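Participant: Sending over protein07.txt (compact mmCIF, C-alpha atoms).
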```
# COMPACT_ATOMS: atom_id res chain seq x y z
CA MET A 157 154.10 -108.60 29.25
CA SER A 158 155.76 -111.41 27.28
CA ALA A 159 153.37 -110.83 24.40
CA GLY A 160 154.12 -107.10 24.48
CA LEU A 161 157.88 -107.64 24.43
CA LEU A 162 157.51 -110.07 21.56
CA LEU A 163 155.47 -107.52 19.60
CA LEU A 164 158.07 -104.81 20.31
CA ALA A 165 160.93 -107.05 19.19
CA THR A 166 159.06 -107.97 16.02
CA THR A 167 158.41 -104.30 15.29
CA LEU A 168 162.07 -103.38 15.80
CA LEU A 169 163.25 -106.20 13.59
CA GLY A 170 160.75 -105.16 10.93
CA CYS A 171 162.09 -101.61 10.99
CA GLY A 172 165.62 -102.86 10.62
CA THR A 173 164.82 -104.82 7.49
CA ASP A 174 162.37 -102.42 5.84
CA LYS A 175 163.95 -101.22 2.61
CA ASN A 176 162.01 -97.96 2.82
CA SER A 177 163.56 -97.13 6.21
CA ALA A 178 167.15 -97.66 5.02
CA ALA A 179 169.39 -94.73 4.18
CA PRO A 180 168.75 -93.85 0.52
CA PHE A 181 172.44 -93.54 -0.39
CA ASP A 182 175.36 -95.73 0.66
CA SER A 183 177.59 -92.88 1.79
CA MET A 184 177.50 -89.24 2.80
CA PRO A 185 178.68 -87.19 1.10
CA ILE A 186 177.40 -89.01 -1.99
CA LYS A 187 180.15 -90.07 -4.39
CA VAL A 188 179.11 -89.14 -7.94
CA GLY A 189 180.87 -90.41 -11.06
CA PHE A 190 181.24 -88.07 -14.03
CA LYS A 191 183.09 -88.59 -17.29
CA GLY A 192 185.89 -86.15 -17.97
CA TYR A 193 187.05 -84.64 -21.23
CA ARG A 194 183.57 -84.20 -22.70
CA PRO A 195 183.45 -80.42 -22.89
CA GLY A 196 180.01 -78.92 -22.56
CA MET A 197 178.58 -82.09 -21.04
CA SER A 198 181.17 -82.96 -18.38
CA ASP A 199 184.76 -81.76 -18.34
CA LEU A 200 187.55 -81.77 -15.79
CA PRO A 201 189.95 -78.88 -16.46
CA ARG A 202 193.35 -79.08 -14.80
CA ASN A 203 193.27 -77.95 -11.15
CA SER A 204 189.53 -77.23 -11.39
CA PRO A 205 186.31 -79.02 -10.41
CA PHE A 206 184.08 -80.73 -12.95
CA THR A 207 182.21 -78.33 -15.20
CA GLY A 208 179.47 -78.77 -17.80
CA PHE A 209 175.77 -79.49 -18.06
CA GLU A 210 175.82 -82.79 -16.14
CA PRO A 211 177.74 -81.43 -13.10
CA HIS A 212 175.32 -78.48 -13.17
CA VAL A 213 172.35 -80.87 -13.08
CA ALA A 214 173.96 -82.68 -10.13
CA LEU A 215 174.30 -79.39 -8.26
CA LYS A 216 170.67 -78.47 -8.88
CA VAL A 217 169.23 -81.90 -8.09
CA LEU A 218 171.46 -83.25 -5.32
CA GLN A 219 172.54 -80.17 -3.42
CA GLU A 220 169.84 -77.57 -4.03
CA ALA A 221 166.75 -79.80 -4.33
CA LEU A 222 167.65 -82.70 -2.02
CA GLY A 223 170.10 -80.96 0.31
CA ARG A 224 172.74 -83.67 -0.12
CA ASP A 225 176.46 -82.97 -0.23
CA TYR A 226 178.49 -84.90 -2.79
CA THR A 227 181.99 -85.42 -4.09
CA SER A 228 183.03 -85.99 -7.69
CA VAL A 229 184.91 -88.99 -9.08
CA THR A 230 186.09 -89.61 -12.64
CA VAL A 231 184.60 -92.59 -14.48
CA THR A 232 184.77 -93.70 -18.11
CA THR A 233 182.55 -95.60 -20.51
CA ALA A 234 184.69 -98.66 -19.85
CA ASP A 235 184.73 -98.56 -16.04
CA TRP A 236 181.57 -96.89 -14.71
CA GLN A 237 179.96 -100.25 -14.00
CA ASP A 238 182.97 -101.32 -11.94
CA ALA A 239 182.71 -98.00 -10.09
CA LEU A 240 179.10 -98.77 -9.14
CA GLY A 241 180.26 -102.20 -7.95
CA ASP A 242 183.24 -102.44 -5.63
CA GLY A 243 185.43 -100.01 -7.58
CA ARG A 244 188.50 -102.11 -6.90
CA ILE A 245 189.88 -102.21 -10.43
CA ASN A 246 190.13 -98.44 -10.84
CA HIS A 247 189.86 -97.34 -7.18
CA ASN A 248 186.86 -95.21 -8.08
CA LYS A 249 183.87 -96.62 -6.19
CA VAL A 250 180.82 -94.35 -6.47
CA ASP A 251 177.19 -94.28 -5.31
CA LEU A 252 175.74 -92.64 -8.40
CA VAL A 253 176.82 -92.13 -12.02
CA ILE A 254 175.78 -89.14 -14.15
CA ALA A 255 177.73 -89.71 -17.34
CA ASP A 256 175.79 -89.73 -20.62
CA ILE A 257 174.32 -93.19 -20.02
CA SER A 258 171.31 -94.05 -22.17
CA GLU A 259 168.39 -96.04 -20.83
CA GLN A 260 168.60 -99.62 -22.11
CA ASP A 261 166.58 -102.70 -21.24
CA GLY A 262 169.80 -104.54 -20.37
CA LEU A 263 170.60 -102.02 -17.63
CA LYS A 264 167.24 -102.18 -15.86
CA GLY A 265 167.90 -105.61 -14.39
CA LYS A 266 171.26 -104.53 -12.96
CA TYR A 267 170.75 -100.93 -11.88
CA ASP A 268 168.18 -98.43 -10.69
CA LEU A 269 167.73 -95.68 -13.28
CA ALA A 270 166.62 -92.20 -12.19
CA GLY A 271 165.43 -89.71 -14.74
CA PRO A 272 165.76 -89.07 -17.59
CA TYR A 273 167.41 -85.67 -17.14
CA LEU A 274 168.07 -85.16 -20.88
CA GLN A 275 167.14 -86.74 -24.18
CA THR A 276 169.27 -86.60 -27.29
CA PRO A 277 169.17 -87.95 -30.82
CA LEU A 278 172.35 -89.17 -32.46
CA GLY A 279 174.32 -86.56 -34.36
CA VAL A 280 177.18 -86.41 -36.86
CA MET A 281 180.51 -84.61 -36.49
CA LEU A 282 182.67 -83.66 -39.47
CA LYS A 283 185.73 -81.52 -39.95
CA THR A 284 184.75 -77.89 -40.48
CA THR A 285 186.51 -77.97 -43.85
CA ASP A 286 184.38 -80.90 -45.04
CA LYS A 287 181.65 -79.67 -47.40
CA THR A 288 179.80 -82.99 -47.58
CA VAL A 289 176.06 -82.43 -47.35
CA ILE A 290 174.40 -84.68 -44.79
CA THR A 291 170.71 -84.37 -44.05
CA LYS A 292 169.78 -87.91 -42.99
CA ALA A 293 171.27 -91.24 -41.91
CA GLU A 294 171.27 -92.61 -45.45
CA ASP A 295 173.74 -89.91 -46.51
CA LEU A 296 176.33 -91.60 -44.28
CA ARG A 297 176.26 -94.90 -46.18
CA PRO A 298 179.16 -94.12 -48.57
CA LEU A 299 181.28 -92.55 -45.81
CA SER A 300 183.74 -94.07 -43.38
CA VAL A 301 182.16 -93.49 -39.98
CA CYS A 302 183.72 -93.95 -36.54
CA VAL A 303 181.58 -94.87 -33.54
CA GLN A 304 182.32 -95.79 -29.96
CA GLU A 305 182.00 -99.53 -29.48
CA LYS A 306 179.16 -101.03 -27.44
CA THR A 307 176.98 -97.94 -27.89
CA THR A 308 173.61 -97.15 -29.45
CA ALA A 309 175.47 -95.28 -32.19
CA TYR A 310 177.36 -98.43 -33.12
CA ALA A 311 174.19 -100.53 -33.23
CA THR A 312 172.39 -97.88 -35.28
CA MET A 313 175.18 -97.55 -37.83
CA GLN A 314 175.40 -101.32 -38.21
CA LEU A 315 171.77 -101.29 -39.35
CA ASN A 316 172.18 -98.23 -41.56
CA GLY A 317 173.66 -100.07 -44.53
CA GLY A 318 176.59 -98.96 -46.65
CA THR A 319 180.16 -98.91 -45.38
CA PRO A 320 180.40 -100.80 -42.05
CA PRO A 321 181.11 -98.45 -39.11
CA LEU A 322 184.54 -98.47 -37.53
CA PRO A 323 184.25 -99.09 -33.75
CA GLU A 324 186.79 -97.62 -31.34
CA PRO A 325 187.00 -97.83 -27.54
CA ASP A 326 186.43 -94.09 -27.04
CA LEU A 327 185.57 -90.87 -28.84
CA ASP A 328 189.11 -89.53 -28.46
CA THR A 329 190.33 -92.31 -30.74
CA CYS A 330 187.53 -91.50 -33.18
CA LYS A 331 188.67 -87.87 -33.12
CA ASP A 332 192.21 -88.98 -33.95
CA ARG A 333 190.88 -90.91 -36.93
CA LEU A 334 188.85 -87.92 -38.07
CA ASN A 335 191.92 -85.72 -37.78
CA ASP A 336 194.19 -88.03 -39.77
CA GLY A 337 191.55 -88.66 -42.43
CA THR A 338 191.03 -92.39 -41.87
CA VAL A 339 187.35 -91.66 -41.23
CA GLN A 340 185.16 -88.86 -42.53
CA ALA A 341 182.57 -88.65 -39.76
CA ILE A 342 181.83 -89.56 -36.16
CA VAL A 343 178.36 -90.59 -34.99
CA ALA A 344 177.48 -90.30 -31.31
CA ASP A 345 174.96 -88.54 -29.05
CA TYR A 346 174.21 -85.13 -30.55
CA VAL A 347 174.79 -83.27 -27.27
CA VAL A 348 178.21 -84.89 -26.77
CA LEU A 349 179.38 -84.08 -30.30
CA GLN A 350 178.02 -80.54 -30.07
CA GLY A 351 180.00 -79.95 -26.87
CA ILE A 352 183.19 -81.25 -28.47
CA ALA A 353 182.71 -79.20 -31.65
CA VAL A 354 181.94 -75.82 -30.06
CA ASN A 355 184.90 -76.17 -27.70
CA SER A 356 187.38 -77.09 -30.45
CA GLY A 357 189.72 -74.75 -32.30
CA THR A 358 190.37 -71.13 -31.35
CA GLY A 359 187.71 -68.55 -30.65
CA THR A 360 184.90 -68.88 -33.18
CA GLN A 361 187.08 -70.90 -35.57
CA HIS A 362 186.16 -74.48 -34.71
CA ASP A 363 187.90 -77.62 -35.95
CA TYR A 364 184.65 -79.57 -36.17
CA GLN A 365 181.05 -79.05 -37.17
CA VAL A 366 177.85 -80.80 -36.09
CA PRO A 367 175.10 -80.22 -38.67
CA ARG A 368 172.29 -78.57 -36.77
CA ASN A 369 169.34 -80.45 -38.22
CA VAL A 370 170.84 -83.92 -38.67
CA HIS A 371 169.21 -85.97 -35.93
CA ILE A 372 169.62 -89.72 -36.40
CA GLY A 373 167.55 -92.48 -34.86
CA LYS A 374 165.32 -92.52 -31.82
CA SER A 375 166.15 -90.06 -29.05
CA GLN A 376 168.19 -91.55 -26.22
CA GLN A 377 167.05 -91.02 -22.64
CA LEU A 378 170.01 -90.14 -20.41
CA MET A 379 169.64 -91.50 -16.89
CA MET A 380 171.31 -91.23 -13.49
CA VAL A 381 172.42 -94.73 -12.52
CA LEU A 382 172.53 -96.31 -9.04
CA PRO A 383 173.30 -99.85 -7.85
CA LYS A 384 170.25 -102.11 -7.82
CA GLY A 385 168.17 -102.00 -4.64
CA HIS A 386 168.23 -98.23 -4.07
CA GLN A 387 164.58 -97.59 -4.79
CA LYS A 388 164.22 -94.85 -2.19
CA ALA A 389 167.15 -92.85 -3.57
CA CYS A 390 166.01 -93.49 -7.12
CA GLU A 391 162.52 -92.14 -6.46
CA MET A 392 163.92 -89.10 -4.65
CA LEU A 393 166.15 -88.35 -7.63
CA ARG A 394 163.35 -88.96 -10.13
CA LYS A 395 161.08 -86.46 -8.40
CA ALA A 396 163.83 -83.83 -8.08
CA ILE A 397 164.80 -84.27 -11.75
CA SER A 398 161.17 -84.00 -12.85
CA ASP A 399 160.81 -80.74 -10.94
CA TYR A 400 164.08 -79.34 -12.33
CA LEU A 401 163.05 -80.06 -15.93
CA GLN A 402 160.27 -77.49 -15.49
CA ASP A 403 162.69 -74.83 -14.21
CA ILE A 404 163.81 -72.24 -16.78
CA ASP A 405 167.36 -72.87 -15.58
CA TRP A 406 167.34 -76.34 -17.18
CA ALA A 407 166.95 -75.03 -20.75
CA ALA A 408 169.11 -71.97 -20.09
CA SER A 409 172.02 -74.01 -18.76
CA LEU A 410 171.82 -76.54 -21.61
CA LYS A 411 171.89 -73.67 -24.11
CA GLN A 412 174.81 -72.07 -22.28
CA TYR A 413 177.04 -75.11 -21.91
CA LEU A 414 176.44 -76.47 -25.42
CA HIS A 415 176.28 -73.09 -27.17
CA LEU A 416 172.93 -73.90 -28.76
CA ASP A 417 172.59 -70.31 -29.92
CA GLU A 418 170.90 -71.25 -33.21
CA PHE A 419 168.13 -73.12 -31.37
CA THR A 420 165.04 -71.35 -30.08
CA ASP A 421 163.91 -72.09 -26.55
CA LYS A 422 161.00 -74.06 -27.98
CA GLU A 423 163.35 -76.17 -30.12
CA ILE A 424 165.54 -76.92 -27.11
CA ILE A 425 162.52 -78.11 -25.15
CA ASP A 426 161.05 -80.09 -28.07
CA ILE A 427 164.31 -81.84 -28.96
CA PHE A 428 166.18 -82.21 -25.67
CA ARG A 429 163.73 -82.09 -22.74
CA PRO A 430 162.45 -85.55 -21.79
CA VAL A 431 159.29 -86.53 -19.99
CA THR A 432 160.16 -87.99 -16.59
CA THR A 433 157.75 -90.67 -15.45
CA SER A 434 157.58 -93.12 -12.56
CA VAL A 435 157.96 -96.22 -14.69
CA GLY A 436 158.17 -99.09 -12.22
CA ASP A 437 161.09 -100.99 -13.70
CA ARG A 438 163.35 -97.94 -13.60
CA CYS A 439 163.33 -97.68 -9.81
CA SER A 440 162.71 -101.24 -8.67
CA ALA A 441 164.36 -102.62 -5.56
```
Kindly return the structure encoded in the file as structure tokens.

Facilitator:
Amino acid sequence: MSAGLLLLATTLLGCGTDKNSAAPFDSMPIKVGFKGYRPGMSDLPRNSPFTGFEPHVALKVLQEALGRDYTSVTVTTADWQDALGDGRINHNKVDLVIADISEQDGLKGKYDLAGPYLQTPLGVMLKTTDKTVITKAEDLRPLSVCVQEKTTAYATMQLNGGTPPLPEPDLDTCKDRLNDGTVQAIVADYVVLQGIAVNSGTGTQHDYQVPRNVHIGKSQQLMMVLPKGHQKACEMLRKAISDYLQDIDWAASLKQYLHLDEFTDKEIIDIFRPVTTSVGDRCSA
């Protein structure tokens, strides 16, 4: 009997410490961080819920595929890491961030990365009135270019040669510089710039243009980000994302939110649909 009780106690203790038996997410409903003010990708209109491609992906993956309820919290490029920590600085603690975050080696040691749910090259945004012809990265060398600091765009432009890029803390500041003429172009993720451009101006008269075929650098893989040690949740998300990428709704919604009317369905898939794999260091506990 003593041996049996000891075996039972050992089994119960083992269950309590088994990472695979733990709840996949820290809270229910899941708190999801989105960036606001990135029309097309993720926007927060006044007195309305988040809208855009990334909130749509969250709906399809979390609620429809996994059956999980979630709430939305605003994060920024500067504070999303704090939000995935204790969230004390900005009072915005979250369980998951879906906010145009590219896969980087430096993130894999700190976070679990689920996805990718989208891939995007870098693009260029100019004023609509600017007739400068840009077909490749080298065409940007004589121009003053604004980039968001601590991003892939900044690193890429630093290596591009020519006029050094002007880093700013956010794309809104870059837009201000583009508007007042202190820079001639902005370089950032193509999908982000496309969303900004097609939602600018009035009606079909847009303030900005994103040259359709100017794709700079290696495509960035956009990932859902969780705190480290959430392997079970990460794998659940990875599988649900992989399934959703094969759904016709994925391409249709991307085309809808970003107004990719000039792109064929094949081009959208070839340029923007990633291959989701179960790479071990993306979802490692």

Participant: From the options A:Leu282, A:Ile424, A:Cys302, A:Ala270, which residue's atoms come nearest to Met392 (chain A), counting all atoms listed in the file?

Facilitator: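 When distances to Met392 (chain A) are compared using all atoms listed in the file, the smallest one comes from A:Ala270.
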
Participant: Once you count only C-alpha atoms, what closest atom pair and distance in Å to one decimal does each residue of region 327-390 of chain A within 10 Å of region 307-316 of chain A have, with rows by chain and rising residue number, as JSON lines?

Facilitator:
```
{"residue": "A:Ile342", "atom": "CA", "partner": "A:Ala309", "partner_atom": "CA", "distance": 9.4}
{"residue": "A:Val343", "atom": "CA", "partner": "A:Ala309", "partner_atom": "CA", "distance": 6.2}
{"residue": "A:Ala344", "atom": "CA", "partner": "A:Ala309", "partner_atom": "CA", "distance": 5.4}
{"residue": "A:Asp345", "atom": "CA", "partner": "A:Ala309", "partner_atom": "CA", "distance": 7.5}
{"residue": "A:Ile372", "atom": "CA", "partner": "A:Thr312", "partner_atom": "CA", "distance": 8.7}
{"residue": "A:Gly373", "atom": "CA", "partner": "A:Thr312", "partner_atom": "CA", "distance": 7.3}
{"residue": "A:Lys374", "atom": "CA", "partner": "A:Thr312", "partner_atom": "CA", "distance": 9.5}
{"residue": "A:Gln376", "atom": "CA", "partner": "A:Thr308", "partner_atom": "CA", "distance": 8.4}
```

Participant: Work out how far CA of Thr232 (chain A) is from CA of Glu324 (chain A), in Å to one decimal.

Facilitator: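 Between CA of Glu324 (chain A) and CA of Thr232 (chain A) the gap is 13.9 Å.
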
Participant: Rounded to one decimal in Å, what is the spacing between CA of Asp326 (chain A) and CA of Ile425 (chain A)?

Facilitator: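 Going from CA of Asp326 (chain A) over to CA of Ile425 (chain A), I get 28.8 Å.
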
Participant: Considering all atoms listed in the file, tabulate each residue of region 297-379 of chain A that lies at most 12 Å from region 204-218 of chain A along with its nearest interatomic pair and the corresponding distance in Å to one decimal; arrange the rows by chain and ascending residue number and present them as a Markdown table.

Facilitator:
```
| residue | atom | partner | partner_atom | distance |
| --- | --- | --- | --- | --- |
| A:Val347 | CA | A:Phe209 | CA | 10.0 |
| A:Val348 | CA | A:Phe209 | CA | 10.5 |
| A:Gly351 | CA | A:Gly208 | CA | 9.2 |
| A:Ile352 | CA | A:Gly208 | CA | 11.6 |
| A:Asn355 | CA | A:Gly208 | CA | 11.6 |
| A:Leu378 | CA | A:Glu210 | CA | 10.3 |
| A:Met379 | CA | A:Glu210 | CA | 10.7 |
```

Participant: Using only C-alpha atoms, find the one residue out of A:Gly318, A:Pro367, A:Thr233, A:Thr360 that sits nearest to Met281 (chain A).

Facilitator: A:Pro367

Participant: Quick check, in Å to one decimal: how far apart do CA of Leu299 (chain A) and CA of His362 (chain A) lie?

Facilitator: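 Computing it gives 21.8 Å between the two atoms.
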
Participant: Check the smallest atom-to-atom distance from each of A:Asp421, A:Asp426, A:Asp403, A:Asp235 to Pro325 (chain A) using all atoms listed in the file, then report the winner.

Facilitator: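 Comparing A:Asp421, A:Asp426, A:Asp403, A:Asp235 against Pro325 (chain A), the winner is A:Asp235.
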
Participant: Go through A:Thr358, A:Ser375, A:Gln304, A:Thr285 one by one, measure the shortest atom-to-atom distance of each to Gly337 (chain A) using all atoms listed in the file, and give the residue with the smallest value.

Facilitator: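 Smallest separation from Gly337 (chain A) among the options: A:Thr285.
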
Participant: Which one is closest to Asp336 (chain A): A:His386, A:Lys283, A:Lys292, A:Lys187? Count only C-alpha atoms.

Facilitator: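 With only C-alpha atoms as the atom set, the closest residue is A:Lys283.
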
Participant: Taking all atoms listed in the file into account, name the residue in A:Pro277, A:Met380, A:Asp328, A:Ile245 that is nearest to Gly192 (chain A).

Facilitator: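 The shortest atom-to-atom distance to Gly192 (chain A) comes from A:Asp328.
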